[in-house]
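Here the structure comes first, spelled out in structure tokens, and everything after it is commentary.
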Amino acid sequence: MHKQNEINILIVEDQRIIVEGLTLILSKVEGFGKISSCLHIYSLLETIEIEKPDVILLDFNMPMVDGIQCLKTILSKYPNQKIIMLTGYDDTDLIREALNLGAKGYVLKNIAKQELVTAIQTVYNGQNYLDENVQKKVLDAFLTNADNHKEKLTNREINLSNREREVLKLIAEGQSSSKIANSLFISVNTVDTHRKNIMAKCGVKKITELITFANKNNLI
């Protein structure tokens, strides 16, 4: 019987000793209800149907089927099910894939008891949760990707034609398309085409970004 405001939890994990440890820990937490478990993937959906857990703790490393497939299987039948990945894998691609597929939390198995309790309560209340180590991993990956992208933009060879360099110089001086057209004896449409090509080659979308980029890369 599901008591009101109690959180019923299902542990999906094939290692009995981990299941027993988690069950012992979580069963002592005030506000947590029934702690059930599922050791085998083939009985997973049946167990969910019977136990009706509020939150599922799902390991990645299940026999025969990996955690990602388990996640897809659960959410295909129970799209509103709240799932926390509880795993030893801190690979950023796995983290990203699990969250994109619909996992509401991602915590590592070396997590402290209180943080696991917080993760379960947070996800139960409709929010997402990443443990501190996972947050750091995701942030480091984001910053590394941002730095690499910035470095590629800065270091790549910018092949501007002589005419494009002339147009860029006049843009940087603040001249309008009509004035640039008069100065270079070309049409306004041609100036606008050059402007679009220059911005595309420099990987920018705004004139202010273009001027900053051009100055940093000695294009003007």
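Just so we're on the same page: first chain in the structure tokens is A, next is B, and so on; residues restart at 1 for each chain, and ligands are numbered from 1 in the order they show up.
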
Name the residues of range 32-217 of chain A that fall into strand (DSSP E or B) according to DSSP on the backbone, using the chain letters and numbers of this document, as a list in words.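 Checking each residue of range 32-217 of chain A, the strand (DSSP E or B) ones are Phe32, Gly33, Lys34, Ile35, Ser36, Ser37, Cys38, Val55, Ile56, Leu57, Leu58, Lys82, Ile83, Ile84, Met85, Leu86, Thr87, Gly105, Tyr106, Val107, Leu108, Tyr129 and Leu130 of chain A.
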
Residues within 9 Å of Ile9 in chain A, only C-alpha atoms, excluding chain neighbours under 2 positions, as number ranges by chain: A: 7, 11, 26, 32-37, 51-57, 120

How about saving the chosen residues, C-alpha atoms kept, as a tab-separated table (two decimals), in the first residue's frame?
chain	number	residue	atom	x	y	z
A	7	ILE	CA	8.52	7.77	-2.00
A	11	ILE	CA	16.45	-0.52	-7.61
A	26	LEU	CA	17.18	3.70	1.91
A	32	PHE	CA	10.81	6.70	1.87
A	33	GLY	CA	8.27	3.91	1.46
A	34	LYS	CA	8.77	0.51	-0.10
A	35	ILE	CA	12.23	-0.27	-1.48
A	36	SER	CA	11.91	-2.99	-4.13
A	37	SER	CA	14.44	-4.38	-6.59
A	51	GLU	CA	5.53	-2.13	-7.66
A	52	LYS	CA	4.58	1.21	-9.30
A	53	PRO	CA	7.72	2.98	-8.07
A	54	ASP	CA	7.89	6.76	-7.79
A	55	VAL	CA	11.61	6.74	-8.56
A	56	ILE	CA	13.76	4.09	-10.24
A	57	LEU	CA	17.50	3.77	-9.58
A	120	ILE	CA	15.86	10.88	-5.00

Taking only C-alpha atoms into account, name the residue in A:Leu71, A:Met85, A:Val123, A:Leu170 that is nearest to Leu101 in chain A.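 Nearest to Leu101 in chain A: A:Leu71.
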
Check the DSSP output for the backbone and give back, as JSON, numbers by chain, the residues of range 89-189 of chain A in helix (DSSP H, G or I). {"A": [92, 93, 94, 95, 96, 97, 98, 99, 100, 101, 113, 114, 115, 116, 117, 118, 119, 120, 121, 122, 123, 124, 132, 133, 134, 135, 136, 137, 138, 139, 140, 141, 142, 143, 144, 145, 146, 147, 148, 149, 150, 151, 152, 153, 154, 155, 162, 163, 164, 165, 166, 167, 168, 169, 170, 171, 172, 177, 178, 179, 180, 181, 182, 183, 184, 188, 189]}

Among the residues A:Arg195, A:Tyr78, A:Ile220, A:Lys205, the one that comes closest to Glu173 in chain A [using only C-alpha atoms]: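 Comparing A:Arg195, A:Tyr78, A:Ile220, A:Lys205 against Glu173 in chain A, the winner is A:Ile220.
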
When you draw a straight line from CA of Lys104 in chain A to CA of Ile84 in chain A, how long is it in Å?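 Distance between the two atoms: 5.7 Å.
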
Quick one: everything within 9 Å of Leu219 in chain A, counting only C-alpha atoms, minus sequence neighbours fewer than 5 positions away in the same chain. Send it as an MDAnalysis selection string. chainID A and resid 158 160 165 168:169 213:214

Would you write out those residues with N, CA and C atoms, as an mmCIF file, in the first residue's frame?
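Writing done, so here's result_6.cif:
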data_model
loop_
_atom_site.group_PDB
_atom_site.id
_atom_site.type_symbol
_atom_site.label_atom_id
_atom_site.label_comp_id
_atom_site.auth_asym_id
_atom_site.auth_seq_id
_atom_site.Cartn_x
_atom_site.Cartn_y
_atom_site.Cartn_z
ATOM 1 N N ILE A 158 41.769 32.485 -42.740
ATOM 2 C CA ILE A 158 40.663 33.235 -43.301
ATOM 3 C C ILE A 158 41.050 33.686 -44.704
ATOM 4 N N LEU A 160 40.175 35.704 -47.407
ATOM 5 C CA LEU A 160 39.394 36.799 -47.968
ATOM 6 C C LEU A 160 40.058 37.286 -49.247
ATOM 7 N N ARG A 165 38.564 42.214 -48.522
ATOM 8 C CA ARG A 165 39.362 42.966 -47.538
ATOM 9 C C ARG A 165 39.075 44.466 -47.645
ATOM 10 N N LEU A 168 35.701 44.950 -46.064
ATOM 11 C CA LEU A 168 35.837 44.792 -44.611
ATOM 12 C C LEU A 168 36.426 46.041 -43.965
ATOM 13 N N LYS A 169 37.440 46.610 -44.584
ATOM 14 C CA LYS A 169 38.083 47.825 -44.052
ATOM 15 C C LYS A 169 37.076 48.977 -43.970
ATOM 16 N N PHE A 213 36.605 40.346 -34.410
ATOM 17 C CA PHE A 213 37.325 39.201 -34.974
ATOM 18 C C PHE A 213 38.399 39.663 -35.966
ATOM 19 N N ALA A 214 38.056 40.624 -36.807
ATOM 20 C CA ALA A 214 38.990 41.132 -37.812
ATOM 21 C C ALA A 214 40.203 41.777 -37.156
#

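Nearest residue to Lys113 in chain A among A:Lys28, A:Lys206, A:Lys77, A:Lys179 is A:Lys28, counting only C-alpha atoms.
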
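We find CA of Ile111 in chain A and CA of Val12 in chain A to be spaced 16.9 Å apart.
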
Selection near Ala181 in chain A, 12 Å with only C-alpha atoms, sequence-local residues under 2 positions removed, as a ChimeraX atom specification: /A:163,166-167,170-171,175-179,183-195

Selected residues written out with N, CA and C atoms, as an mmCIF file, in the first residue's frame:
data_model
loop_
_atom_site.group_PDB
_atom_site.id
_atom_site.type_symbol
_atom_site.label_atom_id
_atom_site.label_comp_id
_atom_site.auth_asym_id
_atom_site.auth_seq_id
_atom_site.Cartn_x
_atom_site.Cartn_y
_atom_site.Cartn_z
ATOM 1 N N ARG A 163 39.106 42.170 -52.756
ATOM 2 C CA ARG A 163 37.898 42.987 -52.722
ATOM 3 C C ARG A 163 37.189 42.872 -51.377
ATOM 4 N N GLU A 166 38.897 44.939 -48.864
ATOM 5 C CA GLU A 166 38.563 46.352 -49.050
ATOM 6 C C GLU A 166 37.206 46.670 -48.425
ATOM 7 N N VAL A 167 36.233 45.806 -48.679
ATOM 8 C CA VAL A 167 34.898 45.997 -48.110
ATOM 9 C C VAL A 167 34.959 45.927 -46.589
ATOM 10 N N LEU A 170 36.250 49.127 -44.996
ATOM 11 C CA LEU A 170 35.268 50.203 -45.015
ATOM 12 C C LEU A 170 34.127 49.951 -44.019
ATOM 13 N N ILE A 171 33.778 48.668 -43.851
ATOM 14 C CA ILE A 171 32.774 48.311 -42.834
ATOM 15 C C ILE A 171 33.282 48.711 -41.461
ATOM 16 N N GLN A 175 31.238 52.714 -42.523
ATOM 17 C CA GLN A 175 30.548 53.177 -43.731
ATOM 18 C C GLN A 175 29.359 52.285 -44.066
ATOM 19 N N SER A 176 28.308 52.883 -44.586
ATOM 20 C CA SER A 176 27.114 52.148 -44.995
ATOM 21 C C SER A 176 27.372 51.432 -46.317
ATOM 22 N N SER A 177 26.466 50.533 -46.666
ATOM 23 C CA SER A 177 26.605 49.786 -47.927
ATOM 24 C C SER A 177 26.607 50.723 -49.129
ATOM 25 N N SER A 178 25.763 51.768 -49.093
ATOM 26 C CA SER A 178 25.706 52.699 -50.232
ATOM 27 C C SER A 178 27.005 53.479 -50.379
ATOM 28 N N LYS A 179 27.587 53.894 -49.262
ATOM 29 C CA LYS A 179 28.860 54.624 -49.331
ATOM 30 C C LYS A 179 29.988 53.719 -49.814
ATOM 31 N N SER A 183 32.294 54.213 -53.121
ATOM 32 C CA SER A 183 33.750 54.270 -53.005
ATOM 33 C C SER A 183 34.433 53.255 -53.920
ATOM 34 N N LEU A 184 33.811 52.079 -54.055
ATOM 35 C CA LEU A 184 34.446 50.988 -54.814
ATOM 36 C C LEU A 184 33.861 50.839 -56.220
ATOM 37 N N PHE A 185 32.891 51.717 -56.552
ATOM 38 C CA PHE A 185 32.265 51.686 -57.881
ATOM 39 C C PHE A 185 31.608 50.335 -58.180
ATOM 40 N N ILE A 186 30.895 49.844 -57.182
ATOM 41 C CA ILE A 186 30.136 48.601 -57.343
ATOM 42 C C ILE A 186 28.720 48.846 -56.840
ATOM 43 N N SER A 187 27.804 47.895 -57.091
ATOM 44 C CA SER A 187 26.417 48.077 -56.658
ATOM 45 C C SER A 187 26.259 47.771 -55.169
ATOM 46 N N VAL A 188 25.177 48.280 -54.601
ATOM 47 C CA VAL A 188 24.870 48.012 -53.196
ATOM 48 C C VAL A 188 24.640 46.513 -52.976
ATOM 49 N N ASN A 189 23.988 45.860 -53.926
ATOM 50 C CA ASN A 189 23.755 44.418 -53.815
ATOM 51 C C ASN A 189 25.065 43.644 -53.747
ATOM 52 N N THR A 190 26.040 44.099 -54.544
ATOM 53 C CA THR A 190 27.361 43.443 -54.526
ATOM 54 C C THR A 190 28.027 43.640 -53.174
ATOM 55 N N VAL A 191 27.897 44.828 -52.612
ATOM 56 C CA VAL A 191 28.462 45.097 -51.280
ATOM 57 C C VAL A 191 27.826 44.174 -50.246
ATOM 58 N N ASP A 192 26.493 44.056 -50.301
ATOM 59 C CA ASP A 192 25.793 43.200 -49.335
ATOM 60 C C ASP A 192 26.200 41.739 -49.481
ATOM 61 N N THR A 193 26.431 41.319 -50.716
ATOM 62 C CA THR A 193 26.895 39.945 -50.954
ATOM 63 C C THR A 193 28.281 39.743 -50.351
ATOM 64 N N HIS A 194 29.166 40.715 -50.563
ATOM 65 C CA HIS A 194 30.504 40.642 -49.965
ATOM 66 C C HIS A 194 30.405 40.594 -48.439
ATOM 67 N N ARG A 195 29.513 41.409 -47.897
ATOM 68 C CA ARG A 195 29.350 41.470 -46.442
ATOM 69 C C ARG A 195 28.941 40.097 -45.884
#

List the spatial neighbours of range 94-96 of chain A as a PyMOL selection string - criterion: any atom at most 9 Å away, only C-alpha atoms, same-chain residues fewer than 5 positions off excluded. chain A and resi 68+85+89+101+106+134+138

Selection above as a file: N, CA and C atoms, as an mmCIF file, in the first residue's frame:
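So the final result, stored in selection_9.cif, reads:
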data_model
loop_
_atom_site.group_PDB
_atom_site.id
_atom_site.type_symbol
_atom_site.label_atom_id
_atom_site.label_comp_id
_atom_site.auth_asym_id
_atom_site.auth_seq_id
_atom_site.Cartn_x
_atom_site.Cartn_y
_atom_site.Cartn_z
ATOM 1 N N ILE A 68 21.178 2.119 -21.260
ATOM 2 C CA ILE A 68 20.518 3.005 -22.214
ATOM 3 C C ILE A 68 19.296 2.320 -22.809
ATOM 4 N N MET A 85 19.910 7.501 -13.112
ATOM 5 C CA MET A 85 20.982 6.575 -13.444
ATOM 6 C C MET A 85 21.945 6.517 -12.259
ATOM 7 N N TYR A 89 29.874 4.730 -14.306
ATOM 8 C CA TYR A 89 30.369 5.343 -15.539
ATOM 9 C C TYR A 89 30.158 6.862 -15.516
ATOM 10 N N LEU A 101 17.551 11.186 -23.361
ATOM 11 C CA LEU A 101 16.513 10.159 -23.504
ATOM 12 C C LEU A 101 15.405 10.305 -22.464
ATOM 13 N N TYR A 106 21.444 11.705 -12.619
ATOM 14 C CA TYR A 106 22.621 10.899 -12.947
ATOM 15 C C TYR A 106 23.588 11.035 -11.778
ATOM 16 N N VAL A 134 29.514 14.497 -11.356
ATOM 17 C CA VAL A 134 28.941 14.509 -12.700
ATOM 18 C C VAL A 134 28.816 15.939 -13.215
ATOM 19 N N VAL A 138 30.582 17.322 -16.621
ATOM 20 C CA VAL A 138 29.817 17.954 -17.699
ATOM 21 C C VAL A 138 30.341 19.368 -17.964
#

Measuring between only C-alpha atoms, which one of A:Asn217, A:Gly203, A:Asp131, A:Gln114 shows the shortest distance to Ile25 in chain A? A:Gln114

Polymer residues at most 10 Å from Val65 in chain A, only C-alpha atoms, same-chain spacing of 6 or more positions, as a list in words: His40, Ile41 and Tyr42 of chain A

Point-to-point distance from CA of Asn215 in chain A to CA of Ala172 in chain A, Å rounded to tenths: 9.3 Å

Go through A:Asn197, A:Val19, A:Tyr124, A:Leu44 and flag the residue nearest Gln69 in chain A, using only C-alpha atoms for the distances.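 Of A:Asn197, A:Val19, A:Tyr124, A:Leu44, the one nearest Gln69 in chain A is A:Leu44, counting only C-alpha atoms.
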
From the list A:Ile18, A:Leu10, A:Val107, A:Leu24, which residue is nearest Asn133 in chain A when using only C-alpha atoms? A:Val107
